[in-house]
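A.B. asks: Submitted below is the structure of interest, expressed as structure tokens.
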Amino acid sequence: RASERASRMAKVGARREATGGASFSPRLQPRPQYPPVSEFLRKTLVAYTRAPALMALATAAVFPAYRRFVRGLARRGWSERKIFMVLTCAVHSGMYFGVNGLFFLCERLGLLERFRMVHRPAQEPTVKLVRATLIEAIVGQAITAPLATYFIFDKCKSAGMAAPDARLPGLFQMYKHFAIAHFFNNFFFYWAHRLVHAKPLYARIHKQHHNWLATRSIGAEYAHPIEQVLANTGPSVGSMLLFGRHPLVFWMWLAFRLEETYEAHSNYYFGDTFLAKIGLTHAENAAFHSAHHSVNRGNFGFWHLDWLFGTMDSYLADGGTEGYVSKHLRNAPSAVE
């Protein structure tokens with residue numbers, strides 16, 4: 001029996017390897033049992049209610065101070081384009097260096113160690129990879145982002161974006177705007193990301209991002225230029241460009257989306273914390289996406305979409321979030337060494 005079991009496990013491992021990495025549909029045979037529809041519905045409902053509602057409330061709360069600030073810029077002679085460009089780049093750079101700097105300090109100083117995930121030494125990033133990532137980030141922040149923002153402004157205005165100091169939409173209207181942005185990003189990121197895992201595109205485009213086997217937040221935007229447009233920028237800001245949202249709604253959404261992707265790549269799992277319970281972390285996304293990088297078989301987007309399209313076989317076969325965290329959380333009894 002032991003030999004039969006070992007043979008079956010070897011076959012499963014071979015099938016996982018054969019359908020991993022450069023694979024549009026990584027499936028195991030036999031397929032693992034997926035969670036019930038009730039769990040899919042619950043997680044989908046939470047995804048499209050809690051975060052958009054919190055963002056709508058946060059936007060309304062900061063609006064008075066924001067309005068005074070942008071009116072002050074206008075009195076100094078700043079055009080709408082200049083305000084949009086500078087604040088968009090400031091949000092991007094502020095989130096990049098602020099959030100990533102925080103995670104960097106935590107790792108360097110040994111803070112929040114019980115929340116840090118660990119991987120095999122061979123999967124840890126090299127100095128060369130970190131250097132290449134930071135150089136690309138600096139070029140993006142200093143050159144690419146300002147140029148892109150210059151043209152994005154015209155697209156947003158043609159779609160009906162209001163003046164920077166215009167009145168905000170009502171709370172429910174903002175909730176809808178954020179919920180649509182959330183759905184747009186999740187859906188199109190999933191399919192764009194899955195597409196670049198197809199064999200013709202993986203080595204040419206997506207392999208650059210997967211040089212990060214053990215994720216760090218600075219690696220979230222390390223990607224081929226085609227992927228940057230197709231899977232990162234397009235899904236993230238697409239709904240804002242198409243529907244011309246209020247500038248503050250755009251910036252609040254941008255900040256949320258950046259924090260989400262940085263935390264998902266951070267190598268920290270804040271599940272079972274108070275902040276996670278009230279929806280202020282992306283703990284499940286962090287474990288889900290860490291598995292995508294370290295195992296590289298499925299997990300193309302967010303849990304509910306991979307459930308819907310059947311692309312998290314390997315993750316479920318290994319115990320899902322609970323199983324992955326039990327193997328990789330630093331203080332877990334069965335953590336890798």
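Numbering starts fresh at 1 for the residues of each chain in the structure tokens, the chains themselves are lettered A, B, ... in the order given, and ligands are numbered from 1 as they appear.
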Report as CSV the residues of region 277-296 of chain A within 12 Å of region 211-229 of chain A, each with its shortest atom pair and distance in Å (one decimal), using only C-alpha atoms, ordered by chain and increasing residue number.
C.D. replies:
residue,atom,partner,partner_atom,distance
A:Ala286,CA,A:Thr215,CA,9.4
A:Ala287,CA,A:Thr215,CA,10.4
A:Phe288,CA,A:Thr215,CA,11.5
A:His289,CA,A:Thr215,CA,8.6
A:Ser290,CA,A:Thr215,CA,6.3
A:Ala291,CA,A:Ala214,CA,9.0
A:His292,CA,A:Leu213,CA,8.8
A:His293,CA,A:Leu213,CA,5.1
A:Ser294,CA,A:Leu213,CA,4.9
A:Val295,CA,A:Leu213,CA,8.2
A:Asn296,CA,A:Leu213,CA,8.6
A.B. asks: Tell me which protein, DNA and RNA residues are within 10 Å of Tyr48 (chain A), counting only C-alpha atoms, leaving out same-chain ones fewer than 5 positions away, and put them as a PyMOL selection string.
C.D. replies: chain A and resi 43+53+175-176+178-183
A.B. asks: Residues near Arg71 (chain A), anyone? I mean within 12 Å using only C-alpha atoms, not counting same-chain ones fewer than 3 positions away, as a PyMOL selection string.
C.D. replies: chain A and resi 63-68+74-80+83+163-166
A.B. asks: For the selection just defined, write its residues with C-alpha atoms to a file, as a PDB file, in the first residue's frame.
C.D. replies:
ATOM      1  CA  PHE A  63     -13.203  65.416   1.003  1.00  0.00           C
ATOM      2  CA  PRO A  64     -13.354  68.703   3.023  1.00  0.00           C
ATOM      3  CA  ALA A  65      -9.571  68.782   3.568  1.00  0.00           C
ATOM      4  CA  TYR A  66      -8.945  67.621   0.006  1.00  0.00           C
ATOM      5  CA  ARG A  67     -11.185  70.358  -1.439  1.00  0.00           C
ATOM      6  CA  ARG A  68      -9.374  73.095   0.479  1.00  0.00           C
ATOM      7  CA  ALA A  74      -5.906  76.389  -8.276  1.00  0.00           C
ATOM      8  CA  ARG A  75      -5.392  79.814  -6.675  1.00  0.00           C
ATOM      9  CA  ARG A  76      -1.676  79.382  -7.290  1.00  0.00           C
ATOM     10  CA  GLY A  77      -2.396  79.016 -10.993  1.00  0.00           C
ATOM     11  CA  TRP A  78      -2.294  75.227 -11.283  1.00  0.00           C
ATOM     12  CA  SER A  79      -4.307  73.897 -14.216  1.00  0.00           C
ATOM     13  CA  GLU A  80      -6.598  70.882 -13.911  1.00  0.00           C
ATOM     14  CA  ILE A  83      -3.255  68.992 -10.484  1.00  0.00           C
ATOM     15  CA  ALA A 163     -13.182  69.387 -11.950  1.00  0.00           C
ATOM     16  CA  PRO A 164     -10.896  68.585  -8.988  1.00  0.00           C
ATOM     17  CA  ASP A 165     -12.934  70.725  -6.556  1.00  0.00           C
ATOM     18  CA  ALA A 166     -16.371  69.656  -7.794  1.00  0.00           C
TER      19      ALA A 166
END
A.B. asks: Nearest to Ala58 (chain A): which of A:Ser239, A:Glu124, A:Trp253, A:Ala276 is it, counting only C-alpha atoms?
C.D. replies: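 That would be A:Trp253, the residue with the smallest distance to Ala58 (chain A).
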A.B. asks: Counting only C-alpha atoms, figure out which residue out of A:Thr126, A:Asn185, A:Thr233, A:Asn267 gets nearest to Phe302 (chain A).
C.D. replies: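 Of A:Thr126, A:Asn185, A:Thr233, A:Asn267, the one nearest Phe302 (chain A) is A:Asn185, counting only C-alpha atoms.
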A.B. asks: Which residue out of A:Leu308, A:His119, A:Tyr269, A:His246 has the minimum interatomic distance to Ala162 (chain A) when only C-alpha atoms are used?
C.D. replies: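 Using only C-alpha atoms, the shortest distance to Ala162 (chain A) belongs to A:His246.
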A.B. asks: Could you state the separation of CA of Arg42 (chain A) and CA of Tyr268 (chain A) in Å, given to one decimal place?
C.D. replies: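 Computing the Euclidean distance for CA of Arg42 (chain A) and CA of Tyr268 (chain A) yields 24.3 Å.
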A.B. asks: What parts of region 1-164 of chain A does DSSP call alpha helix (DSSP H)? I'd like the answer as a short mmCIF file (atom, residue, chain, number, x, y, z; two decimals) with N, CA and C atoms, in the first residue's frame.
C.D. replies:
data_model
loop_
_atom_site.label_atom_id
_atom_site.label_comp_id
_atom_site.auth_asym_id
_atom_site.auth_seq_id
_atom_site.Cartn_x
_atom_site.Cartn_y
_atom_site.Cartn_z
N ALA A 2 1.94 1.19 0.76
CA ALA A 2 2.82 2.37 0.83
C ALA A 2 3.42 2.67 -0.54
N SER A 3 3.81 1.61 -1.26
CA SER A 3 4.40 1.82 -2.58
C SER A 3 3.37 2.34 -3.56
N GLU A 4 2.12 1.84 -3.44
CA GLU A 4 1.05 2.33 -4.32
C GLU A 4 0.77 3.81 -4.05
N ARG A 5 0.75 4.16 -2.76
CA ARG A 5 0.50 5.56 -2.41
C ARG A 5 1.61 6.45 -2.93
N ALA A 6 2.87 6.00 -2.77
CA ALA A 6 4.01 6.78 -3.27
C ALA A 6 3.94 6.96 -4.77
N SER A 7 3.49 5.89 -5.47
CA SER A 7 3.36 5.97 -6.92
C SER A 7 2.31 6.98 -7.33
N ARG A 8 1.17 6.95 -6.58
CA ARG A 8 0.09 7.90 -6.89
C ARG A 8 0.56 9.33 -6.65
N MET A 9 1.26 9.56 -5.52
CA MET A 9 1.75 10.90 -5.22
C MET A 9 2.75 11.37 -6.27
N ALA A 10 3.58 10.47 -6.75
CA ALA A 10 4.55 10.84 -7.79
C ALA A 10 3.84 11.24 -9.07
N LYS A 11 2.76 10.50 -9.41
CA LYS A 11 2.00 10.83 -10.61
C LYS A 11 1.32 12.18 -10.48
N VAL A 12 0.75 12.43 -9.27
CA VAL A 12 0.11 13.73 -9.04
C VAL A 12 1.13 14.85 -9.17
N GLY A 13 2.32 14.62 -8.57
CA GLY A 13 3.37 15.64 -8.66
C GLY A 13 3.78 15.88 -10.10
N ALA A 14 3.88 14.82 -10.88
CA ALA A 14 4.25 14.96 -12.28
C ALA A 14 3.19 15.73 -13.04
N ARG A 15 1.92 15.43 -12.74
CA ARG A 15 0.84 16.14 -13.44
C ARG A 15 0.84 17.62 -13.06
N ARG A 16 1.08 17.92 -11.77
CA ARG A 16 1.14 19.31 -11.34
C ARG A 16 2.25 20.04 -12.08
N GLU A 17 3.42 19.40 -12.14
CA GLU A 17 4.55 20.03 -12.80
C GLU A 17 4.27 20.25 -14.27
N ALA A 18 3.60 19.27 -14.90
CA ALA A 18 3.34 19.36 -16.33
C ALA A 18 2.36 20.46 -16.67
N VAL A 37 -20.83 26.08 -3.15
CA VAL A 37 -21.32 27.32 -3.77
C VAL A 37 -21.58 28.38 -2.71
N SER A 38 -22.05 27.97 -1.54
CA SER A 38 -22.36 28.94 -0.48
C SER A 38 -21.12 29.75 -0.09
N GLU A 39 -19.94 29.11 -0.06
CA GLU A 39 -18.71 29.84 0.28
C GLU A 39 -18.32 30.78 -0.85
N PHE A 40 -18.50 30.34 -2.09
CA PHE A 40 -18.23 31.22 -3.24
C PHE A 40 -19.13 32.45 -3.19
N LEU A 41 -20.41 32.26 -2.92
CA LEU A 41 -21.35 33.38 -2.87
C LEU A 41 -21.01 34.32 -1.71
N ARG A 42 -20.65 33.76 -0.57
CA ARG A 42 -20.32 34.60 0.59
C ARG A 42 -19.10 35.47 0.29
N LYS A 43 -18.05 34.86 -0.25
CA LYS A 43 -16.82 35.62 -0.51
C LYS A 43 -17.02 36.65 -1.63
N THR A 44 -17.84 36.30 -2.60
CA THR A 44 -18.12 37.25 -3.67
C THR A 44 -18.90 38.45 -3.13
N LEU A 45 -19.89 38.17 -2.28
CA LEU A 45 -20.68 39.25 -1.68
C LEU A 45 -19.81 40.16 -0.83
N VAL A 46 -18.94 39.58 -0.03
CA VAL A 46 -18.04 40.38 0.81
C VAL A 46 -17.12 41.23 -0.06
N ALA A 47 -16.59 40.64 -1.14
CA ALA A 47 -15.65 41.36 -2.00
C ALA A 47 -16.25 42.62 -2.60
N ARG A 50 -18.07 45.13 1.11
CA ARG A 50 -17.32 45.72 2.22
C ARG A 50 -16.29 46.75 1.76
N ALA A 51 -15.39 46.37 0.85
CA ALA A 51 -14.34 47.31 0.42
C ALA A 51 -14.92 48.55 -0.26
N PRO A 52 -15.85 48.41 -1.23
CA PRO A 52 -16.41 49.62 -1.83
C PRO A 52 -17.12 50.52 -0.83
N ALA A 53 -17.81 49.93 0.15
CA ALA A 53 -18.49 50.74 1.16
C ALA A 53 -17.49 51.50 2.02
N LEU A 54 -16.42 50.82 2.44
CA LEU A 54 -15.39 51.49 3.24
C LEU A 54 -14.71 52.61 2.45
N MET A 55 -14.47 52.38 1.16
CA MET A 55 -13.84 53.42 0.34
C MET A 55 -14.75 54.62 0.16
N ALA A 56 -16.05 54.39 0.00
CA ALA A 56 -16.99 55.49 -0.14
C ALA A 56 -17.00 56.35 1.13
N LEU A 57 -17.02 55.70 2.30
CA LEU A 57 -17.01 56.43 3.56
C LEU A 57 -15.70 57.19 3.75
N ALA A 58 -14.58 56.55 3.41
CA ALA A 58 -13.28 57.21 3.55
C ALA A 58 -13.17 58.42 2.62
N THR A 59 -13.70 58.30 1.40
CA THR A 59 -13.65 59.40 0.44
C THR A 59 -14.45 60.60 0.95
N ALA A 60 -15.63 60.33 1.48
CA ALA A 60 -16.45 61.40 2.04
C ALA A 60 -15.75 62.06 3.23
N ALA A 61 -15.04 61.28 4.03
CA ALA A 61 -14.39 61.82 5.22
C ALA A 61 -13.23 62.76 4.88
N VAL A 62 -12.47 62.44 3.84
CA VAL A 62 -11.30 63.27 3.51
C VAL A 62 -11.65 64.42 2.57
N PHE A 63 -12.87 64.44 2.03
CA PHE A 63 -13.20 65.42 1.00
C PHE A 63 -13.04 66.87 1.45
N PRO A 64 -13.50 67.28 2.65
CA PRO A 64 -13.35 68.70 3.02
C PRO A 64 -11.90 69.18 2.99
N ALA A 65 -10.98 68.39 3.58
CA ALA A 65 -9.57 68.78 3.57
C ALA A 65 -9.01 68.74 2.15
N TYR A 66 -9.39 67.74 1.40
CA TYR A 66 -8.94 67.62 0.01
C TYR A 66 -9.39 68.83 -0.81
N ARG A 67 -10.65 69.25 -0.63
CA ARG A 67 -11.19 70.36 -1.44
C ARG A 67 -10.44 71.65 -1.14
N ARG A 68 -10.15 71.90 0.13
CA ARG A 68 -9.37 73.09 0.48
C ARG A 68 -8.00 73.05 -0.16
N PHE A 69 -7.40 71.87 -0.19
CA PHE A 69 -6.07 71.72 -0.75
C PHE A 69 -6.05 72.00 -2.25
N VAL A 70 -6.97 71.39 -3.01
CA VAL A 70 -6.92 71.57 -4.47
C VAL A 70 -7.36 72.98 -4.86
N ARG A 71 -8.23 73.61 -4.07
CA ARG A 71 -8.58 75.01 -4.35
C ARG A 71 -7.39 75.92 -4.10
N GLY A 72 -6.57 75.57 -3.12
CA GLY A 72 -5.35 76.32 -2.89
C GLY A 72 -4.40 76.20 -4.07
N LEU A 73 -4.31 75.01 -4.64
CA LEU A 73 -3.45 74.82 -5.82
C LEU A 73 -3.99 75.63 -7.01
N ALA A 74 -5.31 75.63 -7.17
CA ALA A 74 -5.91 76.39 -8.28
C ALA A 74 -5.63 77.89 -8.13
N ARG A 75 -5.67 78.39 -6.89
CA ARG A 75 -5.39 79.81 -6.67
C ARG A 75 -3.94 80.15 -7.00
N GLU A 80 -6.02 72.18 -14.26
CA GLU A 80 -6.60 70.88 -13.91
C GLU A 80 -5.65 69.75 -14.30
N ARG A 81 -5.03 69.88 -15.46
CA ARG A 81 -4.10 68.83 -15.90
C ARG A 81 -2.93 68.70 -14.93
N LYS A 82 -2.36 69.83 -14.51
CA LYS A 82 -1.22 69.78 -13.60
C LYS A 82 -1.61 69.17 -12.26
N ILE A 83 -2.78 69.57 -11.75
CA ILE A 83 -3.25 68.99 -10.48
C ILE A 83 -3.42 67.48 -10.63
N PHE A 84 -4.04 67.05 -11.73
CA PHE A 84 -4.28 65.62 -11.94
C PHE A 84 -2.97 64.86 -12.06
N MET A 85 -2.03 65.39 -12.84
CA MET A 85 -0.76 64.70 -13.04
C MET A 85 0.03 64.60 -11.74
N VAL A 86 0.17 65.73 -11.04
CA VAL A 86 1.00 65.74 -9.83
C VAL A 86 0.39 64.87 -8.75
N LEU A 87 -0.92 64.96 -8.52
CA LEU A 87 -1.53 64.17 -7.45
C LEU A 87 -1.58 62.69 -7.80
N THR A 88 -1.79 62.36 -9.07
CA THR A 88 -1.77 60.94 -9.45
C THR A 88 -0.39 60.35 -9.21
N CYS A 89 0.65 61.05 -9.65
CA CYS A 89 2.01 60.56 -9.43
C CYS A 89 2.37 60.55 -7.95
N ALA A 90 1.85 61.54 -7.19
CA ALA A 90 2.13 61.58 -5.75
C ALA A 90 1.49 60.40 -5.03
N VAL A 91 0.27 60.05 -5.43
CA VAL A 91 -0.40 58.89 -4.82
C VAL A 91 0.39 57.62 -5.14
N HIS A 92 0.77 57.47 -6.40
CA HIS A 92 1.51 56.28 -6.81
C HIS A 92 2.85 56.18 -6.06
N SER A 93 3.63 57.25 -6.10
CA SER A 93 4.94 57.23 -5.45
C SER A 93 4.81 57.11 -3.94
N GLY A 94 3.84 57.83 -3.37
CA GLY A 94 3.65 57.77 -1.92
C GLY A 94 3.30 56.37 -1.45
N MET A 95 2.41 55.69 -2.18
CA MET A 95 2.04 54.33 -1.82
C MET A 95 3.21 53.38 -2.05
N TYR A 96 3.93 53.56 -3.16
CA TYR A 96 5.05 52.65 -3.47
C TYR A 96 6.11 52.72 -2.39
N PHE A 97 6.59 53.92 -2.10
CA PHE A 97 7.68 54.03 -1.15
C PHE A 97 7.20 53.93 0.30
N GLY A 98 5.96 54.37 0.55
CA GLY A 98 5.43 54.27 1.91
C GLY A 98 5.12 52.84 2.33
N VAL A 99 4.31 52.15 1.55
CA VAL A 99 3.91 50.79 1.90
C VAL A 99 5.10 49.83 1.79
N ASN A 100 5.83 49.93 0.67
CA ASN A 100 6.97 49.03 0.49
C ASN A 100 8.08 49.32 1.51
N GLY A 101 8.25 50.60 1.84
CA GLY A 101 9.24 50.94 2.86
C GLY A 101 8.88 50.37 4.21
N LEU A 102 7.58 50.36 4.52
CA LEU A 102 7.12 49.79 5.79
C LEU A 102 7.41 48.29 5.85
N PHE A 103 7.08 47.58 4.78
CA PHE A 103 7.35 46.14 4.77
C PHE A 103 8.86 45.85 4.81
N PHE A 104 9.64 46.69 4.13
CA PHE A 104 11.09 46.52 4.14
C PHE A 104 11.64 46.67 5.56
N LEU A 105 11.19 47.72 6.26
CA LEU A 105 11.66 47.95 7.63
C LEU A 105 11.24 46.82 8.55
N CYS A 106 10.02 46.33 8.37
CA CYS A 106 9.56 45.22 9.21
C CYS A 106 10.46 44.01 9.05
N GLU A 107 10.84 43.71 7.82
CA GLU A 107 11.69 42.54 7.59
C GLU A 107 13.11 42.78 8.10
N ARG A 108 13.64 43.97 7.86
CA ARG A 108 15.01 44.26 8.27
C ARG A 108 15.15 44.32 9.79
N LEU A 109 14.12 44.86 10.47
CA LEU A 109 14.19 45.03 11.92
C LEU A 109 13.57 43.86 12.69
N VAL A 127 20.26 39.64 -4.85
CA VAL A 127 20.58 41.07 -4.87
C VAL A 127 20.39 41.62 -6.28
N LYS A 128 20.77 40.84 -7.28
CA LYS A 128 20.63 41.27 -8.68
C LYS A 128 19.17 41.53 -9.03
N LEU A 129 18.26 40.65 -8.57
CA LEU A 129 16.84 40.83 -8.85
C LEU A 129 16.28 42.06 -8.15
N VAL A 130 16.68 42.26 -6.90
CA VAL A 130 16.22 43.44 -6.15
C VAL A 130 16.70 44.72 -6.83
N ARG A 131 17.95 44.72 -7.27
CA ARG A 131 18.50 45.90 -7.94
C ARG A 131 17.74 46.19 -9.23
N ALA A 132 17.51 45.17 -10.04
CA ALA A 132 16.78 45.36 -11.30
C ALA A 132 15.37 45.87 -11.04
N THR A 133 14.73 45.37 -10.00
CA THR A 133 13.37 45.80 -9.66
C THR A 133 13.35 47.27 -9.25
N LEU A 134 14.29 47.69 -8.43
CA LEU A 134 14.33 49.08 -7.97
C LEU A 134 14.66 50.03 -9.11
N ILE A 135 15.56 49.63 -10.00
CA ILE A 135 15.89 50.49 -11.15
C ILE A 135 14.65 50.67 -12.03
N GLU A 136 13.94 49.58 -12.29
CA GLU A 136 12.73 49.69 -13.10
C GLU A 136 11.69 50.56 -12.41
N ALA A 137 11.58 50.44 -11.09
CA ALA A 137 10.60 51.24 -10.35
C ALA A 137 10.93 52.73 -10.43
N ILE A 138 12.20 53.08 -10.30
CA ILE A 138 12.60 54.49 -10.36
C ILE A 138 12.33 55.07 -11.74
N VAL A 139 12.66 54.31 -12.77
CA VAL A 139 12.37 54.79 -14.14
C VAL A 139 10.86 54.96 -14.32
N ALA A 145 5.38 56.99 -15.57
CA ALA A 145 4.12 57.38 -14.93
C ALA A 145 3.69 58.81 -15.29
N PRO A 146 4.59 59.81 -15.24
CA PRO A 146 4.17 61.16 -15.63
C PRO A 146 3.69 61.24 -17.09
N LEU A 147 4.39 60.54 -17.99
CA LEU A 147 3.96 60.56 -19.39
C LEU A 147 2.60 59.89 -19.57
N ALA A 148 2.42 58.76 -18.93
CA ALA A 148 1.13 58.07 -19.04
C ALA A 148 0.01 58.91 -18.45
N THR A 149 0.27 59.55 -17.32
CA THR A 149 -0.75 60.36 -16.66
C THR A 149 -1.16 61.56 -17.51
N TYR A 150 -0.21 62.12 -18.27
CA TYR A 150 -0.52 63.24 -19.15
C TYR A 150 -1.63 62.87 -20.13
N PHE A 151 -1.55 61.67 -20.72
CA PHE A 151 -2.54 61.24 -21.70
C PHE A 151 -3.80 60.67 -21.03
N ILE A 152 -3.64 60.08 -19.85
CA ILE A 152 -4.81 59.57 -19.13
C ILE A 152 -5.75 60.71 -18.77
N PHE A 153 -5.20 61.89 -18.47
CA PHE A 153 -6.04 63.04 -18.13
C PHE A 153 -7.03 63.35 -19.25
N ASP A 154 -6.55 63.38 -20.49
CA ASP A 154 -7.45 63.68 -21.62
C ASP A 154 -8.55 62.64 -21.74
N LYS A 155 -8.20 61.38 -21.55
CA LYS A 155 -9.20 60.32 -21.64
C LYS A 155 -10.23 60.45 -20.54
N CYS A 156 -9.79 60.75 -19.32
CA CYS A 156 -10.73 60.93 -18.21
C CYS A 156 -11.66 62.11 -18.43
N LYS A 157 -11.12 63.23 -18.92
CA LYS A 157 -11.96 64.41 -19.16
C LYS A 157 -12.97 64.15 -20.27
N SER A 158 -12.55 63.47 -21.32
CA SER A 158 -13.48 63.18 -22.42
C SER A 158 -14.58 62.23 -21.97
#
A.B. asks: When distances are computed from only C-alpha atoms, which of A:Thr311, A:Ser25, A:Thr281, A:Asn331 shows the smallest separation from Ser266 (chain A)?
C.D. replies: A:Thr281
A.B. asks: In Å, how far is it from CA of Val118 (chain A) to CA of Leu329 (chain A)?
C.D. replies: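 About the pair CA of Val118 (chain A) and CA of Leu329 (chain A): they are 6.2 Å apart.
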A.B. asks: Expressed in Å to a single decimal, how great is the separation between CA of His282 (chain A) and CA of Glu260 (chain A)?
C.D. replies: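 Calculated distance between CA of His282 (chain A) and CA of Glu260 (chain A) is 6.4 Å.
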